[in-house]
Structures are given as C-alpha cells and as structure tokens.
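What follows is the content of structure16.cif (mmCIF, N, CA, C and O atoms).
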```cif
data_input
#
loop_
_atom_site.group_PDB
_atom_site.id
_atom_site.type_symbol
_atom_site.label_atom_id
_atom_site.label_comp_id
_atom_site.auth_asym_id
_atom_site.auth_seq_id
_atom_site.Cartn_x
_atom_site.Cartn_y
_atom_site.Cartn_z
ATOM 1 N N MET A 1046 0.835 -1.184 0.000
ATOM 2 C CA MET A 1046 0.000 0.000 0.000
ATOM 3 C C MET A 1046 0.879 1.246 0.000
ATOM 4 O O MET A 1046 1.781 1.387 0.802
ATOM 5 N N ASP A 1047 0.594 2.183 -0.910
ATOM 6 C CA ASP A 1047 1.347 3.422 -1.015
ATOM 7 C C ASP A 1047 0.896 4.380 0.079
ATOM 8 O O ASP A 1047 -0.280 4.642 0.253
ATOM 9 N N ALA A 1048 1.864 4.921 0.816
ATOM 10 C CA ALA A 1048 1.536 5.846 1.903
ATOM 11 C C ALA A 1048 1.154 7.223 1.376
ATOM 12 O O ALA A 1048 0.610 8.030 2.111
ATOM 13 N N GLY A 1049 1.430 7.518 0.104
ATOM 14 C CA GLY A 1049 1.098 8.826 -0.461
ATOM 15 C C GLY A 1049 2.115 9.878 -0.082
ATOM 16 O O GLY A 1049 3.165 9.596 0.479
ATOM 17 N N GLU A 1050 1.778 11.102 -0.411
ATOM 18 C CA GLU A 1050 2.662 12.214 -0.098
ATOM 19 C C GLU A 1050 2.314 12.786 1.263
ATOM 20 O O GLU A 1050 1.151 12.855 1.633
ATOM 21 N N GLU A 1051 3.355 13.215 1.987
ATOM 22 C CA GLU A 1051 3.130 13.830 3.293
ATOM 23 C C GLU A 1051 3.425 15.316 3.197
ATOM 24 O O GLU A 1051 4.513 15.729 2.803
ATOM 25 N N ILE A 1052 2.419 16.117 3.533
ATOM 26 C CA ILE A 1052 2.550 17.563 3.572
ATOM 27 C C ILE A 1052 2.344 18.001 5.017
ATOM 28 O O ILE A 1052 1.364 17.609 5.654
ATOM 29 N N ARG A 1053 3.257 18.809 5.531
ATOM 30 C CA ARG A 1053 3.104 19.357 6.884
ATOM 31 C C ARG A 1053 2.762 20.827 6.763
ATOM 32 O O ARG A 1053 3.434 21.573 6.054
ATOM 33 N N LEU A 1054 1.734 21.242 7.492
ATOM 34 C CA LEU A 1054 1.274 22.612 7.457
ATOM 35 C C LEU A 1054 1.263 23.144 8.879
ATOM 36 O O LEU A 1054 0.605 22.592 9.757
ATOM 37 N N THR A 1055 2.043 24.204 9.117
ATOM 38 C CA THR A 1055 2.129 24.768 10.468
ATOM 39 C C THR A 1055 1.999 26.291 10.406
ATOM 40 O O THR A 1055 2.284 26.906 9.385
ATOM 41 N N LYS A 1056 1.561 26.868 11.521
ATOM 42 C CA LYS A 1056 1.436 28.323 11.609
ATOM 43 C C LYS A 1056 2.394 28.827 12.676
ATOM 44 O O LYS A 1056 2.395 28.360 13.806
ATOM 45 N N ASP A 1057 3.207 29.812 12.299
ATOM 46 C CA ASP A 1057 4.156 30.413 13.225
ATOM 47 C C ASP A 1057 3.407 31.428 14.084
ATOM 48 O O ASP A 1057 2.793 32.362 13.569
ATOM 49 N N GLY A 1058 3.456 31.256 15.381
ATOM 50 C CA GLY A 1058 2.752 32.144 16.297
ATOM 51 C C GLY A 1058 3.306 33.552 16.339
ATOM 52 O O GLY A 1058 2.584 34.494 16.633
ATOM 53 N N ASP A 1059 4.590 33.717 16.019
ATOM 54 C CA ASP A 1059 5.204 35.050 16.058
ATOM 55 C C ASP A 1059 4.885 35.873 14.808
ATOM 56 O O ASP A 1059 4.665 37.074 14.888
ATOM 57 N N THR A 1060 4.887 35.228 13.638
ATOM 58 C CA THR A 1060 4.711 35.966 12.383
ATOM 59 C C THR A 1060 3.329 35.769 11.760
ATOM 60 O O THR A 1060 2.986 36.475 10.821
ATOM 61 N N ASP A 1061 2.582 34.808 12.246
ATOM 62 C CA ASP A 1061 1.282 34.438 11.676
ATOM 63 C C ASP A 1061 1.389 33.914 10.245
ATOM 64 O O ASP A 1061 0.406 33.870 9.524
ATOM 65 N N LEU A 1062 2.584 33.531 9.821
ATOM 66 C CA LEU A 1062 2.753 32.935 8.498
ATOM 67 C C LEU A 1062 2.537 31.430 8.579
ATOM 68 O O LEU A 1062 2.923 30.785 9.553
ATOM 69 N N TRP A 1063 1.927 30.885 7.539
ATOM 70 C CA TRP A 1063 1.771 29.441 7.429
ATOM 71 C C TRP A 1063 2.953 28.891 6.648
ATOM 72 O O TRP A 1063 3.410 29.498 5.680
ATOM 73 N N THR A 1064 3.454 27.737 7.068
ATOM 74 C CA THR A 1064 4.541 27.057 6.380
ATOM 75 C C THR A 1064 4.042 25.706 5.917
ATOM 76 O O THR A 1064 3.476 24.945 6.702
ATOM 77 N N ALA A 1065 4.264 25.410 4.635
ATOM 78 C CA ALA A 1065 3.894 24.126 4.058
ATOM 79 C C ALA A 1065 5.170 23.418 3.623
ATOM 80 O O ALA A 1065 6.030 24.023 2.986
ATOM 81 N N VAL A 1066 5.295 22.138 3.994
ATOM 82 C CA VAL A 1066 6.499 21.363 3.687
ATOM 83 C C VAL A 1066 6.100 20.083 2.959
ATOM 84 O O VAL A 1066 5.245 19.337 3.441
ATOM 85 N N ASP A 1067 6.712 19.845 1.801
ATOM 86 C CA ASP A 1067 6.591 18.554 1.134
ATOM 87 C C ASP A 1067 7.710 17.702 1.716
ATOM 88 O O ASP A 1067 8.885 17.900 1.407
ATOM 89 N N VAL A 1068 7.357 16.797 2.591
ATOM 90 C CA VAL A 1068 8.340 16.049 3.376
ATOM 91 C C VAL A 1068 9.261 15.217 2.488
ATOM 92 O O VAL A 1068 10.479 15.193 2.685
ATOM 93 N N GLU A 1069 8.709 14.532 1.503
ATOM 94 C CA GLU A 1069 9.500 13.646 0.650
ATOM 95 C C GLU A 1069 10.560 14.410 -0.134
ATOM 96 O O GLU A 1069 11.706 13.993 -0.222
ATOM 97 N N ARG A 1070 10.190 15.559 -0.686
ATOM 98 C CA ARG A 1070 11.113 16.327 -1.528
ATOM 99 C C ARG A 1070 11.967 17.307 -0.728
ATOM 100 O O ARG A 1070 12.967 17.801 -1.221
ATOM 101 N N GLY A 1071 11.527 17.657 0.478
ATOM 102 C CA GLY A 1071 12.251 18.637 1.271
ATOM 103 C C GLY A 1071 12.031 20.053 0.769
ATOM 104 O O GLY A 1071 12.874 20.919 0.953
ATOM 105 N N VAL A 1072 10.892 20.293 0.131
ATOM 106 C CA VAL A 1072 10.563 21.611 -0.412
ATOM 107 C C VAL A 1072 9.667 22.328 0.593
ATOM 108 O O VAL A 1072 8.734 21.742 1.136
ATOM 109 N N VAL A 1073 9.955 23.615 0.835
ATOM 110 C CA VAL A 1073 9.231 24.397 1.833
ATOM 111 C C VAL A 1073 8.718 25.678 1.199
ATOM 112 O O VAL A 1073 9.390 26.269 0.351
ATOM 113 N N SER A 1074 7.536 26.118 1.627
ATOM 114 C CA SER A 1074 6.986 27.378 1.176
ATOM 115 C C SER A 1074 6.173 28.006 2.289
ATOM 116 O O SER A 1074 5.821 27.345 3.256
ATOM 117 N N GLN A 1075 5.867 29.299 2.144
ATOM 118 C CA GLN A 1075 5.088 30.015 3.153
ATOM 119 C C GLN A 1075 3.981 30.815 2.500
ATOM 120 O O GLN A 1075 4.000 31.061 1.294
ATOM 121 N N GLY A 1076 3.030 31.248 3.329
ATOM 122 C CA GLY A 1076 1.967 32.123 2.874
ATOM 123 C C GLY A 1076 1.253 32.726 4.063
ATOM 124 O O GLY A 1076 1.332 32.199 5.174
ATOM 125 N N GLU A 1077 0.533 33.814 3.825
ATOM 126 C CA GLU A 1077 -0.200 34.467 4.910
ATOM 127 C C GLU A 1077 -1.458 33.689 5.294
ATOM 128 O O GLU A 1077 -1.990 33.876 6.383
ATOM 129 N N ALA A 1078 -1.940 32.841 4.386
ATOM 130 C CA ALA A 1078 -3.092 31.987 4.658
ATOM 131 C C ALA A 1078 -2.699 30.545 4.323
ATOM 132 O O ALA A 1078 -1.741 30.313 3.579
ATOM 133 N N ARG A 1079 -3.424 29.593 4.884
ATOM 134 C CA ARG A 1079 -3.117 28.177 4.610
ATOM 135 C C ARG A 1079 -3.152 27.892 3.122
ATOM 136 O O ARG A 1079 -2.273 27.229 2.580
ATOM 137 N N GLU A 1080 -4.198 28.404 2.464
ATOM 138 C CA GLU A 1080 -4.352 28.158 1.032
ATOM 139 C C GLU A 1080 -3.172 28.724 0.245
ATOM 140 O O GLU A 1080 -2.687 28.108 -0.700
ATOM 141 N N ALA A 1081 -2.719 29.905 0.630
ATOM 142 C CA ALA A 1081 -1.586 30.540 -0.052
ATOM 143 C C ALA A 1081 -0.314 29.718 0.139
ATOM 144 O O ALA A 1081 0.463 29.539 -0.808
ATOM 145 N N ALA A 1082 -0.106 29.218 1.349
ATOM 146 C CA ALA A 1082 1.085 28.397 1.608
ATOM 147 C C ALA A 1082 1.061 27.136 0.749
ATOM 148 O O ALA A 1082 2.085 26.741 0.190
ATOM 149 N N LEU A 1083 -0.110 26.519 0.616
ATOM 150 C CA LEU A 1083 -0.223 25.304 -0.197
ATOM 151 C C LEU A 1083 -0.068 25.604 -1.688
ATOM 152 O O LEU A 1083 0.579 24.847 -2.416
ATOM 153 N N GLU A 1084 -0.630 26.719 -2.149
ATOM 154 C CA GLU A 1084 -0.461 27.105 -3.553
ATOM 155 C C GLU A 1084 1.005 27.394 -3.855
ATOM 156 O O GLU A 1084 1.534 26.979 -4.896
ATOM 157 N N ASN A 1085 1.662 28.103 -2.948
ATOM 158 C CA ASN A 1085 3.090 28.395 -3.125
ATOM 159 C C ASN A 1085 3.912 27.114 -3.117
ATOM 160 O O ASN A 1085 4.889 26.989 -3.860
ATOM 161 N N LEU A 1086 3.511 26.162 -2.280
ATOM 162 C CA LEU A 1086 4.215 24.881 -2.238
ATOM 163 C C LEU A 1086 4.053 24.146 -3.562
ATOM 164 O O LEU A 1086 5.013 23.561 -4.078
ATOM 165 N N ASP A 1087 2.853 24.171 -4.141
ATOM 166 C CA ASP A 1087 2.645 23.535 -5.443
ATOM 167 C C ASP A 1087 3.599 24.105 -6.484
ATOM 168 O O ASP A 1087 4.206 23.356 -7.255
ATOM 169 N N GLU A 1088 3.747 25.428 -6.511
ATOM 170 C CA GLU A 1088 4.661 26.065 -7.458
ATOM 171 C C GLU A 1088 6.110 25.672 -7.185
ATOM 172 O O GLU A 1088 6.883 25.416 -8.110
ATOM 173 N N ALA A 1089 6.481 25.637 -5.920
ATOM 174 C CA ALA A 1089 7.860 25.288 -5.559
ATOM 175 C C ALA A 1089 8.167 23.841 -5.939
ATOM 176 O O ALA A 1089 9.257 23.539 -6.442
ATOM 177 N N VAL A 1090 7.215 22.942 -5.714
ATOM 178 C CA VAL A 1090 7.419 21.531 -6.073
ATOM 179 C C VAL A 1090 7.539 21.395 -7.584
ATOM 180 O O VAL A 1090 8.377 20.635 -8.087
ATOM 181 N N GLU A 1091 6.720 22.139 -8.323
ATOM 182 C CA GLU A 1091 6.794 22.100 -9.779
ATOM 183 C C GLU A 1091 8.182 22.517 -10.253
ATOM 184 O O GLU A 1091 8.770 21.876 -11.120
ATOM 185 N N GLY A 1092 8.721 23.580 -9.660
ATOM 186 C CA GLY A 1092 10.070 24.014 -10.008
ATOM 187 C C GLY A 1092 11.116 22.996 -9.614
ATOM 188 O O GLY A 1092 12.062 22.726 -10.361
ATOM 189 N N HIS A 1093 10.945 22.403 -8.455
ATOM 190 C CA HIS A 1093 11.880 21.392 -7.956
ATOM 191 C C HIS A 1093 11.916 20.181 -8.866
ATOM 192 O O HIS A 1093 12.960 19.602 -9.114
ATOM 193 N N ASP A 1094 10.746 19.813 -9.388
ATOM 194 C CA ASP A 1094 10.648 18.611 -10.216
ATOM 195 C C ASP A 1094 11.020 18.853 -11.672
ATOM 196 O O ASP A 1094 10.862 17.980 -12.507
ATOM 197 N N GLY A 1095 11.491 20.044 -11.981
ATOM 198 C CA GLY A 1095 12.003 20.291 -13.322
ATOM 199 C C GLY A 1095 11.018 20.919 -14.279
ATOM 200 O O GLY A 1095 11.018 20.605 -15.457
ATOM 201 N N ALA A 1096 10.181 21.781 -13.776
ATOM 202 C CA ALA A 1096 9.276 22.485 -14.677
ATOM 203 C C ALA A 1096 10.083 23.347 -15.628
ATOM 204 O O ALA A 1096 11.194 23.764 -15.322
ATOM 205 N N GLY A 1097 9.525 23.617 -16.748
ATOM 206 C CA GLY A 1097 10.209 24.458 -17.714
ATOM 207 C C GLY A 1097 10.863 23.630 -18.800
ATOM 208 O O GLY A 1097 10.662 22.431 -18.911
ATOM 209 N N ARG A 1098 11.653 24.309 -19.591
ATOM 210 C CA ARG A 1098 12.335 23.680 -20.718
ATOM 211 C C ARG A 1098 13.607 24.450 -21.005
ATOM 212 O O ARG A 1098 13.735 25.604 -20.617
ATOM 213 N N PRO A 1099 14.537 23.833 -21.719
ATOM 214 C CA PRO A 1099 15.741 24.570 -22.108
ATOM 215 C C PRO A 1099 15.371 25.675 -23.099
ATOM 216 O O PRO A 1099 14.424 25.533 -23.875
ATOM 217 N N PRO A 1100 16.114 26.774 -23.114
ATOM 218 C CA PRO A 1100 15.812 27.852 -24.062
ATOM 219 C C PRO A 1100 16.114 27.413 -25.493
ATOM 220 O O PRO A 1100 17.009 26.603 -25.738
ATOM 221 N N THR A 1101 15.374 27.975 -26.437
ATOM 222 C CA THR A 1101 15.653 27.710 -27.846
ATOM 223 C C THR A 1101 16.839 28.561 -28.291
ATOM 224 O O THR A 1101 17.214 29.540 -27.632
ATOM 225 N N ASP A 1102 17.423 28.196 -29.433
ATOM 226 C CA ASP A 1102 18.529 28.991 -29.969
ATOM 227 C C ASP A 1102 18.077 30.426 -30.231
ATOM 228 O O ASP A 1102 18.817 31.377 -29.988
ATOM 229 N N GLU A 1103 16.843 30.595 -30.712
ATOM 230 C CA GLU A 1103 16.317 31.936 -30.976
ATOM 231 C C GLU A 1103 16.225 32.754 -29.684
ATOM 232 O O GLU A 1103 16.595 33.939 -29.663
ATOM 233 N N GLU A 1104 15.753 32.138 -28.613
ATOM 234 C CA GLU A 1104 15.662 32.842 -27.324
ATOM 235 C C GLU A 1104 17.037 33.241 -26.818
ATOM 236 O O GLU A 1104 17.217 34.337 -26.275
ATOM 237 N N LEU A 1105 18.026 32.371 -27.011
ATOM 238 C CA LEU A 1105 19.389 32.705 -26.598
ATOM 239 C C LEU A 1105 19.924 33.884 -27.395
ATOM 240 O O LEU A 1105 20.519 34.807 -26.836
ATOM 241 N N ARG A 1106 19.673 33.876 -28.709
ATOM 242 C CA ARG A 1106 20.144 34.991 -29.546
ATOM 243 C C ARG A 1106 19.504 36.316 -29.123
ATOM 244 O O ARG A 1106 20.153 37.358 -29.139
ATOM 245 N N GLU A 1107 18.211 36.271 -28.750
ATOM 246 C CA GLU A 1107 17.533 37.484 -28.294
ATOM 247 C C GLU A 1107 18.185 38.058 -27.042
ATOM 248 O O GLU A 1107 18.110 39.258 -26.775
ATOM 249 N N LEU A 1108 18.842 37.198 -26.261
ATOM 250 C CA LEU A 1108 19.532 37.626 -25.045
ATOM 251 C C LEU A 1108 20.995 37.976 -25.305
ATOM 252 O O LEU A 1108 21.750 38.253 -24.379
ATOM 253 N N GLY A 1109 21.390 37.915 -26.579
ATOM 254 C CA GLY A 1109 22.765 38.252 -26.925
ATOM 255 C C GLY A 1109 23.737 37.101 -26.743
ATOM 256 O O GLY A 1109 24.943 37.319 -26.617
ATOM 257 N N ILE A 1110 23.224 35.876 -26.720
ATOM 258 C CA ILE A 1110 24.072 34.696 -26.542
ATOM 259 C C ILE A 1110 24.096 33.922 -27.856
ATOM 260 O O ILE A 1110 23.050 33.588 -28.412
ATOM 261 N N ASP A 1111 25.287 33.661 -28.376
ATOM 262 C CA ASP A 1111 25.414 32.873 -29.602
ATOM 263 C C ASP A 1111 25.480 31.394 -29.205
ATOM 264 O O ASP A 1111 26.460 30.945 -28.607
ATOM 265 N N PRO A 1112 24.436 30.623 -29.530
ATOM 266 C CA PRO A 1112 24.429 29.211 -29.122
ATOM 267 C C PRO A 1112 25.565 28.395 -29.727
ATOM 268 O O PRO A 1112 25.990 27.396 -29.152
ATOM 269 N N GLU A 1113 26.080 28.838 -30.877
ATOM 270 C CA GLU A 1113 27.177 28.106 -31.517
ATOM 271 C C GLU A 1113 28.479 28.260 -30.730
ATOM 272 O O GLU A 1113 29.325 27.377 -30.747
ATOM 273 N N GLU A 1114 28.635 29.391 -30.055
ATOM 274 C CA GLU A 1114 29.863 29.653 -29.307
ATOM 275 C C GLU A 1114 29.750 29.265 -27.836
ATOM 276 O O GLU A 1114 30.731 29.308 -27.111
ATOM 277 N N ASN A 1115 28.558 28.922 -27.398
ATOM 278 C CA ASN A 1115 28.333 28.594 -25.990
ATOM 279 C C ASN A 1115 27.780 27.183 -25.870
ATOM 280 O O ASN A 1115 26.583 26.974 -25.734
ATOM 281 N N THR A 1116 28.683 26.236 -25.933
ATOM 282 C CA THR A 1116 28.281 24.839 -25.826
ATOM 283 C C THR A 1116 28.890 24.241 -24.566
ATOM 284 O O THR A 1116 29.934 24.708 -24.093
ATOM 285 N N PRO A 1117 28.263 23.232 -24.012
ATOM 286 C CA PRO A 1117 28.830 22.614 -22.810
ATOM 287 C C PRO A 1117 30.138 21.903 -23.123
ATOM 288 O O PRO A 1117 30.387 21.494 -24.249
ATOM 289 N N GLY A 1118 30.937 21.765 -22.112
ATOM 290 C CA GLY A 1118 32.200 21.047 -22.269
ATOM 291 C C GLY A 1118 33.376 21.965 -22.040
ATOM 292 O O GLY A 1118 33.230 23.160 -21.808
ATOM 293 N N GLY A 1119 34.532 21.395 -22.094
ATOM 294 C CA GLY A 1119 35.736 22.179 -21.869
ATOM 295 C C GLY A 1119 35.963 22.415 -20.381
ATOM 296 O O GLY A 1119 35.197 22.012 -19.528
ATOM 297 N N GLU A 1120 37.058 23.080 -20.096
ATOM 298 C CA GLU A 1120 37.412 23.336 -18.716
ATOM 299 C C GLU A 1120 36.813 24.645 -18.235
ATOM 300 O O GLU A 1120 36.705 25.600 -18.998
ATOM 301 N N LEU A 1121 36.468 24.676 -16.991
ATOM 302 C CA LEU A 1121 35.958 25.892 -16.374
ATOM 303 C C LEU A 1121 37.124 26.769 -15.958
ATOM 304 O O LEU A 1121 38.181 26.270 -15.584
ATOM 305 N N PRO A 1122 36.954 28.084 -16.013
ATOM 306 C CA PRO A 1122 38.052 28.974 -15.601
ATOM 307 C C PRO A 1122 38.256 28.926 -14.105
ATOM 308 O O PRO A 1122 37.347 28.583 -13.346
ATOM 309 N N ASP A 1123 39.443 29.261 -13.663
ATOM 310 C CA ASP A 1123 39.716 29.376 -12.234
ATOM 311 C C ASP A 1123 39.005 30.603 -11.692
ATOM 312 O O ASP A 1123 38.944 31.645 -12.347
ATOM 313 N N ILE A 1124 38.485 30.484 -10.503
ATOM 314 C CA ILE A 1124 37.805 31.594 -9.855
ATOM 315 C C ILE A 1124 38.647 32.037 -8.679
ATOM 316 O O ILE A 1124 39.029 31.243 -7.819
ATOM 317 N N LEU A 1125 38.949 33.319 -8.627
ATOM 318 C CA LEU A 1125 39.719 33.863 -7.521
ATOM 319 C C LEU A 1125 38.773 34.269 -6.406
ATOM 320 O O LEU A 1125 37.745 34.881 -6.642
ATOM 321 N N THR A 1126 39.119 33.943 -5.198
ATOM 322 C CA THR A 1126 38.282 34.337 -4.065
ATOM 323 C C THR A 1126 38.978 35.351 -3.208
ATOM 324 O O THR A 1126 40.130 35.551 -3.210
#
```

Is it possible to give me this structure as structure tokens?
Amino acid sequence: MDAGEEIRLTKDGDTDLWTAVDVERGVVSQGEAREAALENLDEAVEGHDGAGRPPTDEELRELGIDPEENTPGGELPDILT
C-alpha cells in the first residue's frame, strides 16, 4: 500500500505565516493563509521537479548569446576568491 505524499502545514505564532512542507522532496513554502502556503508549495514543487524547458537557440540569440559559441564542455576557468 502506497503511503502517499506527506505535507506538513504549520502556523508560526510570532509571524502568523503558514509554512507548508513537502516532506519527501524537502521543499518548503510560506503564505499568509493556509491556502496561499499550499499554492506556493505547489509552485515550488513544480520548479523542484524540473518544470520548464531549455531555451531555444532563438531565445538565446535574443539575449545576446550565440548558441554556436556557448556549448557545454571544456574546462571551467579558475575563480579567484
């Protein structure tokens, strides 16, 4: 039997903010109302699970990035701290 997803919803007595936690993923969100905290959690989980898509070459060009010159691979530069 699948136990399902566990969501914890708590209210902070000092700030009156609600906190929603997706226990399995470790994703946390807040809101001024319970519903808002849960809606924000849905968005955060969607982002965590890989919502979105890679940009198209056209979108990269619009941002001033040449996709032909910016490919993965090669060595990363040293970073001075």

For Glu1051 in chain A, please output as a ChimeraX atom specification all residues within 8 Å (counting only C-alpha atoms; exclusion window: fewer than 3 positions along the same chain).
/A:1067-1069

Tell me which of A:Arg1070, A:Glu1050, A:Ala1065, A:Glu1104 sits closest to Asp1087 in chain A, counting all atoms listed in the file.
A:Ala1065

Starting from 8 Å padding per side, set up an axis-aligned box that covers all listed atoms of range 1067-1082 of chain A and hand over centre and edge lengths in Å, one decimal, as AutoDock Vina command-line options.
```
--center_x 4.3 --center_y 24.1 --center_z 2.4 --size_x 33.3 --size_y 36.8 --size_z 23.9
```

Evaluate the PyMOL selection byres (((chain A and resi 1078 and name CA) around 12) and name CA) and report residues as an MDAnalysis selection string:
chainID A and resid 1054:1057 1060:1065 1074:1077 1079:1085

Just how far from CA of Leu1125 in chain A is CA of Asp1111 in chain A, in Å to one decimal?
26.3 Å
